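Text of entry.cif (mmCIF, C-alpha atoms) as supplied:
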```cif
data_run
loop_
_atom_site.group_PDB
_atom_site.id
_atom_site.type_symbol
_atom_site.label_atom_id
_atom_site.label_comp_id
_atom_site.auth_asym_id
_atom_site.auth_seq_id
_atom_site.Cartn_x
_atom_site.Cartn_y
_atom_site.Cartn_z
ATOM 1 C CA MET A 194 -158.379 -18.069 182.573
ATOM 2 C CA ALA A 195 -160.379 -18.886 179.667
ATOM 3 C CA THR A 196 -161.719 -15.392 179.640
ATOM 4 C CA LYS A 197 -158.255 -14.022 179.917
ATOM 5 C CA LYS A 198 -157.213 -16.142 177.000
ATOM 6 C CA ALA A 199 -160.302 -15.135 175.095
ATOM 7 C CA ASN A 200 -159.568 -11.492 175.862
ATOM 8 C CA THR A 201 -155.982 -11.923 174.765
ATOM 9 C CA VAL A 202 -157.063 -13.569 171.570
ATOM 10 C CA SER A 203 -159.592 -10.955 170.875
ATOM 11 C CA VAL A 204 -157.037 -8.175 171.585
ATOM 12 C CA GLN A 205 -154.563 -9.965 169.404
ATOM 13 C CA ASP A 206 -157.159 -10.295 166.658
ATOM 14 C CA ARG A 207 -157.980 -6.675 166.996
ATOM 15 C CA LEU A 208 -154.294 -5.731 166.790
ATOM 16 C CA ASP A 209 -153.866 -7.893 163.726
ATOM 17 C CA ASN A 210 -156.992 -6.400 162.273
ATOM 18 C CA ILE A 211 -155.704 -2.829 162.940
ATOM 19 C CA LYS A 212 -152.290 -3.703 161.495
ATOM 20 C CA SER A 213 -153.949 -5.080 158.424
ATOM 21 C CA THR A 214 -156.129 -1.959 158.082
ATOM 22 C CA VAL A 215 -153.113 0.314 158.540
ATOM 23 C CA LYS A 216 -151.193 -1.653 155.895
ATOM 24 C CA ASP A 217 -154.140 -1.376 153.517
ATOM 25 C CA PHE A 218 -154.490 2.312 154.294
ATOM 26 C CA ASN A 219 -150.749 2.845 153.798
ATOM 27 C CA ALA A 220 -150.810 0.922 150.506
ATOM 28 C CA GLU A 221 -153.788 3.007 149.353
ATOM 29 C CA ALA A 222 -152.010 6.260 150.369
ATOM 30 C CA VAL A 223 -148.914 5.206 148.389
ATOM 31 C CA ASN A 224 -151.135 4.289 145.440
ATOM 32 C CA VAL A 225 -152.945 7.671 145.563
ATOM 33 C CA SER A 226 -149.605 9.463 145.862
ATOM 34 C CA ASP A 227 -148.313 7.587 142.815
ATOM 35 C CA GLN A 228 -151.443 8.538 140.887
ATOM 36 C CA LEU A 229 -151.054 12.199 141.923
ATOM 37 C CA VAL A 230 -147.414 12.223 140.808
ATOM 38 C CA ASP A 231 -148.322 10.584 137.493
ATOM 39 C CA ALA A 232 -151.193 13.041 136.948
ATOM 40 C CA SER A 233 -148.900 15.968 137.794
ATOM 41 C CA LEU A 234 -146.269 14.753 135.341
ATOM 42 C CA GLU A 235 -148.915 14.248 132.669
ATOM 43 C CA THR A 236 -150.392 17.721 133.280
ATOM 44 C CA GLY A 237 -146.893 19.264 133.235
ATOM 45 C CA ALA A 238 -146.201 17.624 129.870
ATOM 46 C CA LYS A 239 -149.499 18.989 128.501
ATOM 47 C CA TRP A 240 -148.628 22.485 129.759
ATOM 48 C CA GLN A 241 -145.208 22.262 128.134
ATOM 49 C CA LYS A 242 -146.805 21.327 124.812
ATOM 50 C CA LEU A 243 -149.292 24.163 125.190
ATOM 51 C CA MET A 244 -146.567 26.697 126.010
ATOM 52 C CA ALA A 245 -144.489 25.505 123.051
ATOM 53 C CA LYS A 246 -147.519 25.978 120.807
ATOM 54 C CA VAL A 247 -148.174 29.439 122.285
ATOM 55 C CA LEU A 248 -144.563 30.440 121.684
ATOM 56 C CA ASP A 249 -144.737 29.101 118.134
ATOM 57 C CA GLN A 250 -147.991 30.896 117.431
ATOM 58 C CA GLY A 251 -146.690 34.021 119.174
ATOM 59 C CA THR A 252 -143.753 34.138 116.781
ATOM 60 C CA VAL A 253 -146.077 33.716 113.816
ATOM 61 C CA MET A 254 -148.419 36.346 115.203
ATOM 62 C CA MET A 255 -145.525 38.751 115.766
ATOM 63 C CA GLY A 256 -144.463 38.262 112.134
ATOM 64 C CA LYS A 257 -148.015 39.020 111.010
ATOM 65 C CA GLN A 258 -148.069 42.156 113.162
ATOM 66 C CA GLN A 259 -144.801 43.321 111.589
ATOM 67 C CA ASP A 260 -146.258 42.710 108.135
ATOM 68 C CA LEU A 261 -149.340 44.696 109.135
ATOM 69 C CA VAL A 262 -147.216 47.616 110.378
ATOM 70 C CA LEU A 263 -145.143 47.636 107.180
ATOM 71 C CA THR A 264 -148.268 47.488 105.022
ATOM 72 C CA THR A 265 -149.754 50.379 106.992
ATOM 73 C CA LEU A 266 -146.589 52.429 106.538
ATOM 74 C CA GLU A 267 -146.603 51.737 102.790
ATOM 75 C CA GLU A 268 -150.237 52.857 102.611
ATOM 76 C CA LEU A 269 -149.409 56.041 104.511
ATOM 77 C CA LYS A 270 -146.551 56.719 102.110
ATOM 78 C CA GLY A 271 -148.916 56.237 99.169
ATOM 79 C CA GLN A 272 -151.519 58.523 100.726
ATOM 80 C CA TYR A 273 -148.868 61.171 101.392
ATOM 81 C CA SER A 274 -147.662 60.949 97.810
ATOM 82 C CA THR A 275 -151.196 61.169 96.414
ATOM 83 C CA GLY A 276 -152.089 63.981 98.803
ATOM 84 C CA ASN A 277 -148.900 65.809 97.878
ATOM 85 C CA LYS A 278 -149.759 65.528 94.166
ATOM 86 C CA ARG A 279 -153.302 66.752 94.834
ATOM 87 C CA PHE A 280 -152.009 69.661 96.903
ATOM 88 C CA ARG A 281 -149.564 70.650 94.150
ATOM 89 C CA LYS A 282 -152.375 70.473 91.628
ATOM 90 C CA LEU A 283 -154.601 72.535 93.922
ATOM 91 C CA VAL A 284 -152.089 75.352 94.342
ATOM 92 C CA GLY A 285 -150.933 75.132 90.734
ATOM 93 C CA TRP A 286 -147.407 74.000 91.523
ATOM 94 C CA ASN A 287 -145.675 72.557 88.509
ATOM 95 C CA ASN A 288 -142.249 71.138 89.193
ATOM 96 C CA ARG A 289 -141.185 71.431 85.553
ATOM 97 C CA ARG A 290 -142.057 75.122 85.526
ATOM 98 C CA ALA A 291 -140.103 75.722 88.703
ATOM 99 C CA GLN A 292 -137.069 73.903 87.322
ATOM 100 C CA LYS A 293 -137.299 75.825 84.055
ATOM 101 C CA ALA A 294 -137.526 79.121 85.945
ATOM 102 C CA LYS A 295 -134.425 78.211 87.952
ATOM 103 C CA GLN A 296 -132.604 77.265 84.774
ATOM 104 C CA LEU A 297 -133.583 80.541 83.089
ATOM 105 C CA ALA A 298 -132.498 82.466 86.170
ATOM 106 C CA LYS A 299 -129.092 80.764 86.072
ATOM 107 C CA GLN A 300 -128.752 81.455 82.369
ATOM 108 C CA SER A 301 -129.744 85.092 82.830
ATOM 109 C CA LYS A 302 -127.340 85.468 85.702
ATOM 110 C CA ALA A 303 -124.545 83.946 83.608
ATOM 111 C CA LYS A 304 -125.377 86.279 80.707
ATOM 112 C CA ALA A 305 -125.581 89.216 83.073
ATOM 113 C CA THR A 306 -122.223 88.371 84.593
ATOM 114 C CA LYS A 307 -120.626 88.091 81.155
ATOM 115 C CA GLY A 308 -122.268 91.340 80.040
ATOM 116 C CA ALA A 309 -121.217 93.110 83.230
ATOM 117 C CA LYS A 310 -117.602 92.061 82.786
ATOM 118 C CA ALA A 311 -117.580 93.144 79.141
ATOM 119 C CA ALA A 312 -119.179 96.476 79.943
ATOM 120 C CA ALA A 313 -117.103 97.144 83.047
ATOM 121 C CA THR A 314 -114.774 99.494 81.198
ATOM 122 C CA SER A 315 -117.586 101.486 79.624
ATOM 123 C CA ILE A 316 -119.523 101.695 82.910
ATOM 124 C CA THR A 317 -116.976 104.007 84.421
ATOM 125 C CA ASP A 318 -117.843 106.483 81.699
ATOM 126 C CA LEU A 319 -121.570 106.259 82.379
ATOM 127 C CA ALA A 320 -123.163 107.955 85.328
ATOM 128 C CA LYS A 321 -125.088 105.459 87.439
ATOM 129 C CA ASP A 322 -128.675 106.384 88.116
ATOM 130 C CA ASP A 323 -130.327 105.738 91.474
ATOM 131 C CA LEU A 324 -132.673 102.924 90.462
ATOM 132 C CA LYS A 325 -134.134 102.816 93.988
ATOM 133 C CA VAL A 326 -136.187 105.900 93.072
ATOM 134 C CA ILE A 327 -138.435 103.618 90.992
ATOM 135 C CA ASN A 328 -141.358 102.123 92.933
ATOM 136 C CA GLY A 329 -140.650 98.479 93.880
ATOM 137 C CA ILE A 330 -136.870 98.643 93.486
ATOM 138 C CA GLY A 331 -134.935 98.534 96.726
ATOM 139 C CA PRO A 332 -131.230 98.078 97.450
ATOM 140 C CA LYS A 333 -131.308 94.326 96.817
ATOM 141 C CA MET A 334 -133.126 94.647 93.519
ATOM 142 C CA GLU A 335 -130.844 97.520 92.450
ATOM 143 C CA ASN A 336 -127.814 95.287 93.100
ATOM 144 C CA LEU A 337 -129.387 92.462 91.069
ATOM 145 C CA LEU A 338 -130.129 94.844 88.203
ATOM 146 C CA ASN A 339 -126.562 96.189 88.372
ATOM 147 C CA GLU A 340 -125.222 92.627 88.267
ATOM 148 C CA ALA A 341 -127.350 92.116 85.165
ATOM 149 C CA GLY A 342 -125.701 95.184 83.594
ATOM 150 C CA ILE A 343 -128.543 97.660 84.160
ATOM 151 C CA TYR A 344 -127.216 100.859 85.790
ATOM 152 C CA THR A 345 -129.281 103.661 84.279
ATOM 153 C CA TYR A 346 -132.903 104.596 83.712
ATOM 154 C CA PHE A 347 -132.269 104.442 79.978
ATOM 155 C CA GLN A 348 -130.953 100.866 80.197
ATOM 156 C CA LEU A 349 -133.910 99.816 82.347
ATOM 157 C CA SER A 350 -136.463 101.426 80.018
ATOM 158 C CA ASN A 351 -134.923 99.601 77.032
ATOM 159 C CA ALA A 352 -134.511 96.212 78.776
ATOM 160 C CA ALA A 353 -136.751 93.422 77.553
ATOM 161 C CA ILE A 354 -139.294 92.063 80.027
ATOM 162 C CA LYS A 355 -138.120 88.530 79.224
ATOM 163 C CA ASP A 356 -134.665 89.581 80.501
ATOM 164 C CA LEU A 357 -136.068 91.229 83.645
ATOM 165 C CA THR A 358 -138.372 88.354 84.664
ATOM 166 C CA PRO A 359 -135.552 85.879 85.479
ATOM 167 C CA ILE A 360 -133.888 88.587 87.573
ATOM 168 C CA LEU A 361 -137.106 88.874 89.594
ATOM 169 C CA GLU A 362 -137.321 85.100 89.989
ATOM 170 C CA ALA A 363 -133.708 84.947 91.133
ATOM 171 C CA ALA A 364 -134.472 87.620 93.750
ATOM 172 C CA GLY A 365 -136.831 85.302 95.581
ATOM 173 C CA PRO A 366 -140.533 84.641 96.111
ATOM 174 C CA ARG A 367 -141.331 87.963 97.760
ATOM 175 C CA PHE A 368 -140.474 89.801 94.515
ATOM 176 C CA LYS A 369 -143.015 87.813 92.463
ATOM 177 C CA THR A 370 -145.586 90.584 92.869
ATOM 178 C CA GLN A 371 -143.366 93.140 91.125
ATOM 179 C CA ASN A 372 -144.127 94.008 87.508
ATOM 180 C CA PRO A 373 -141.092 94.890 85.349
ATOM 181 C CA ALA A 374 -143.360 96.666 82.857
ATOM 182 C CA ASP A 375 -144.135 99.282 85.546
ATOM 183 C CA TRP A 376 -140.399 99.741 86.150
ATOM 184 C CA LYS A 377 -139.831 100.310 82.446
ATOM 185 C CA LYS A 378 -142.553 102.998 82.331
ATOM 186 C CA GLU A 379 -141.151 104.846 85.329
ATOM 187 C CA ALA A 380 -137.591 104.535 84.006
ATOM 188 C CA LYS A 381 -138.696 105.973 80.633
ATOM 189 C CA LYS A 382 -140.156 109.008 82.419
ATOM 190 C CA LEU A 383 -136.910 109.519 84.378
ATOM 191 C CA ALA A 384 -134.515 108.953 81.460
#
```

Transcribe the structure of this file into structure tokens.
Amino acid sequence: MATKKANTVSVQDRLDNIKSTVKDFNAEAVNVSDQLVDASLETGAKWQKLMAKVLDQGTVMMGKQQDLVLTTLEELKGQYSTGNKRFRKLVGWNNRRAQKAKQLAKQSKAKATKGAKAAATSITDLAKDDLKVINGIGPKMENLLNEAGIYTYFQLSNAAIKDLTPILEAAGPRFKTQNPADWKKEAKKLA
């Protein structure tokens, strides 16, 4: 019986020993779990701070990118303006000259209209000449000359070149090659 009792005691000791080990193991598992949860919370907080900083910096960086784009666009505008000025200088374009030519053309047209109205009664007495016979004068140019009060070879041969030049400019860029002095010579021969 003593062996039975000794066996029982030793089994009981073993059971107590196992229970104690399981309790220790369980306590350690709970402790490790608590540490993991704390570490996860701490890491999550760090990530939140990092993401907040990234968002903050991202906003700043986006503002800098917008500034860069606007600066680039301003530079392009400046280069276009400078290039445009250089191109005008290269081809000899002078804006003041073009405006003055337009103004002279308007003035000449106004004078021509006034002169045409005043001479309308005397025109019926004159025989109109076919100005299209002259080299470089087509139907459009003949109409412009008629609007300016020039209906005959005699009138064309006596017209001043300074009065004919604005009529050419008003006709458009394709008439720039025409020379009113040549028209006057041909008109003098025909008159």

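As for CA of Asn328 (chain A) and CA of Pro373 (chain A), they are spaced 10.5 Å apart.
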
Shell around Leu337 (chain A) at 8 Å using all atoms listed in the file, local window under 3 positions removed, as a ChimeraX atom specification: /A:333-334,340-341,360,364

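Reported to one decimal place, the separation of CA of Lys369 (chain A) from CA of Ala298 (chain A) is 13.4 Å.
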
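With distances taken from (-138.5, 86.9, 78.4) and restricted to only C-alpha atoms, the residues inside 12 Å are Ala294, Leu297, Ala298, Gln300, Ser301, Ala352, Ala353, Ile354, Lys355, Asp356, Leu357, Thr358, Pro359, Ile360, Leu361, Glu362, Pro373 and Ala374 of chain A.
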
Write a file of the just-selected residues containing C-alpha atoms, as an mmCIF file, keeping the file's coordinate frame.
```
data_model
loop_
_atom_site.group_PDB
_atom_site.id
_atom_site.type_symbol
_atom_site.label_atom_id
_atom_site.label_comp_id
_atom_site.auth_asym_id
_atom_site.auth_seq_id
_atom_site.Cartn_x
_atom_site.Cartn_y
_atom_site.Cartn_z
ATOM 1 C CA ALA A 294 -137.526 79.121 85.945
ATOM 2 C CA LEU A 297 -133.583 80.541 83.089
ATOM 3 C CA ALA A 298 -132.498 82.466 86.170
ATOM 4 C CA GLN A 300 -128.752 81.455 82.369
ATOM 5 C CA SER A 301 -129.744 85.092 82.830
ATOM 6 C CA ALA A 352 -134.511 96.212 78.776
ATOM 7 C CA ALA A 353 -136.751 93.422 77.553
ATOM 8 C CA ILE A 354 -139.294 92.063 80.027
ATOM 9 C CA LYS A 355 -138.120 88.530 79.224
ATOM 10 C CA ASP A 356 -134.665 89.581 80.501
ATOM 11 C CA LEU A 357 -136.068 91.229 83.645
ATOM 12 C CA THR A 358 -138.372 88.354 84.664
ATOM 13 C CA PRO A 359 -135.552 85.879 85.479
ATOM 14 C CA ILE A 360 -133.888 88.587 87.573
ATOM 15 C CA LEU A 361 -137.106 88.874 89.594
ATOM 16 C CA GLU A 362 -137.321 85.100 89.989
ATOM 17 C CA PRO A 373 -141.092 94.890 85.349
ATOM 18 C CA ALA A 374 -143.360 96.666 82.857
#
```

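CA of Trp376 (chain A) sits 11.9 Å away from CA of Thr345 (chain A).
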
Hits from the PyMOL selection byres ((chain A and resi 380-384) around 6), listed as JSON, numbers by chain: {"A": [346, 347, 350, 376, 377, 378, 379]}

Shortest interatomic distance to Ala363 (chain A) - which of A:Ile327, A:Ala303, A:Leu269, A:Val215, counting only C-alpha atoms: A:Ala303

Please report, as JSON, the centre and edge lengths in Å to one decimal of an axis-aligned box covering all listed atoms of region 355-365 of chain A with 6 Å per side.
```
{"center_x": -136.0, "center_y": 88.1, "center_z": 87.4, "size_x": 16.7, "size_y": 18.3, "size_z": 28.4}
```

Please rebuild region 201-232 of chain A with N, CA and C atoms and give the result as a short mmCIF file (atom, residue, chain, number, x, y, z; two decimals), in the coordinates of the input.
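Written output follows (out16.cif):
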```cif
data_model
loop_
_atom_site.label_atom_id
_atom_site.label_comp_id
_atom_site.auth_asym_id
_atom_site.auth_seq_id
_atom_site.Cartn_x
_atom_site.Cartn_y
_atom_site.Cartn_z
N THR A 201 -157.28 -12.07 175.39
CA THR A 201 -155.98 -11.92 174.76
C THR A 201 -156.12 -12.21 173.28
N VAL A 202 -156.87 -13.23 172.98
CA VAL A 202 -157.06 -13.57 171.57
C VAL A 202 -157.82 -12.46 170.89
N SER A 203 -158.82 -11.99 171.52
CA SER A 203 -159.59 -10.96 170.88
C SER A 203 -158.78 -9.67 170.75
N VAL A 204 -157.92 -9.36 171.69
CA VAL A 204 -157.04 -8.18 171.58
C VAL A 204 -156.04 -8.43 170.48
N GLN A 205 -155.54 -9.63 170.43
CA GLN A 205 -154.56 -9.96 169.40
C GLN A 205 -155.23 -9.89 168.03
N ASP A 206 -156.44 -10.36 167.93
CA ASP A 206 -157.16 -10.30 166.66
C ASP A 206 -157.40 -8.84 166.26
N ARG A 207 -157.76 -8.10 167.27
CA ARG A 207 -157.98 -6.68 167.00
C ARG A 207 -156.70 -6.01 166.52
N LEU A 208 -155.58 -6.31 167.19
CA LEU A 208 -154.29 -5.73 166.79
C LEU A 208 -153.94 -6.16 165.37
N ASP A 209 -154.15 -7.40 165.08
CA ASP A 209 -153.87 -7.89 163.73
C ASP A 209 -154.79 -7.21 162.71
N ASN A 210 -156.02 -7.06 163.13
CA ASN A 210 -156.99 -6.40 162.27
C ASN A 210 -156.59 -4.94 162.02
N ILE A 211 -156.13 -4.24 163.06
CA ILE A 211 -155.70 -2.83 162.94
C ILE A 211 -154.45 -2.75 162.07
N LYS A 212 -153.51 -3.69 162.30
CA LYS A 212 -152.29 -3.70 161.50
C LYS A 212 -152.64 -3.90 160.02
N SER A 213 -153.55 -4.80 159.79
CA SER A 213 -153.95 -5.08 158.42
C SER A 213 -154.61 -3.85 157.80
N THR A 214 -155.45 -3.16 158.57
CA THR A 214 -156.13 -1.96 158.08
C THR A 214 -155.12 -0.85 157.81
N VAL A 215 -154.14 -0.72 158.72
CA VAL A 215 -153.11 0.31 158.54
C VAL A 215 -152.29 0.01 157.30
N LYS A 216 -151.95 -1.28 157.08
CA LYS A 216 -151.19 -1.65 155.90
C LYS A 216 -151.99 -1.33 154.63
N ASP A 217 -153.28 -1.68 154.68
CA ASP A 217 -154.14 -1.38 153.52
C ASP A 217 -154.23 0.13 153.28
N PHE A 218 -154.39 0.85 154.39
CA PHE A 218 -154.49 2.31 154.29
C PHE A 218 -153.18 2.89 153.75
N ASN A 219 -152.06 2.39 154.24
CA ASN A 219 -150.75 2.84 153.80
C ASN A 219 -150.56 2.54 152.31
N ALA A 220 -150.94 1.32 151.91
CA ALA A 220 -150.81 0.92 150.51
C ALA A 220 -151.68 1.82 149.62
N GLU A 221 -152.88 2.13 150.12
CA GLU A 221 -153.79 3.01 149.35
C GLU A 221 -153.22 4.42 149.26
N ALA A 222 -152.61 4.92 150.37
CA ALA A 222 -152.01 6.26 150.37
C ALA A 222 -150.85 6.31 149.38
N VAL A 223 -150.03 5.27 149.35
CA VAL A 223 -148.91 5.21 148.39
C VAL A 223 -149.46 5.18 146.97
N ASN A 224 -150.52 4.40 146.76
CA ASN A 224 -151.14 4.29 145.44
C ASN A 224 -151.69 5.65 144.98
N VAL A 225 -152.39 6.34 145.89
CA VAL A 225 -152.94 7.67 145.56
C VAL A 225 -151.81 8.65 145.28
N SER A 226 -150.75 8.58 146.08
CA SER A 226 -149.60 9.46 145.86
C SER A 226 -148.98 9.21 144.50
N ASP A 227 -148.85 7.92 144.14
CA ASP A 227 -148.31 7.59 142.82
C ASP A 227 -149.21 8.14 141.70
N GLN A 228 -150.51 8.02 141.89
CA GLN A 228 -151.44 8.54 140.89
C GLN A 228 -151.34 10.06 140.77
N LEU A 229 -151.20 10.74 141.94
CA LEU A 229 -151.05 12.20 141.92
C LEU A 229 -149.77 12.63 141.21
N VAL A 230 -148.69 11.91 141.47
CA VAL A 230 -147.41 12.22 140.81
C VAL A 230 -147.54 11.99 139.31
N ASP A 231 -148.14 10.87 138.92
CA ASP A 231 -148.32 10.58 137.49
C ASP A 231 -149.21 11.65 136.83
N ALA A 232 -150.29 12.02 137.49
CA ALA A 232 -151.19 13.04 136.95
C ALA A 232 -150.47 14.39 136.83
#
```
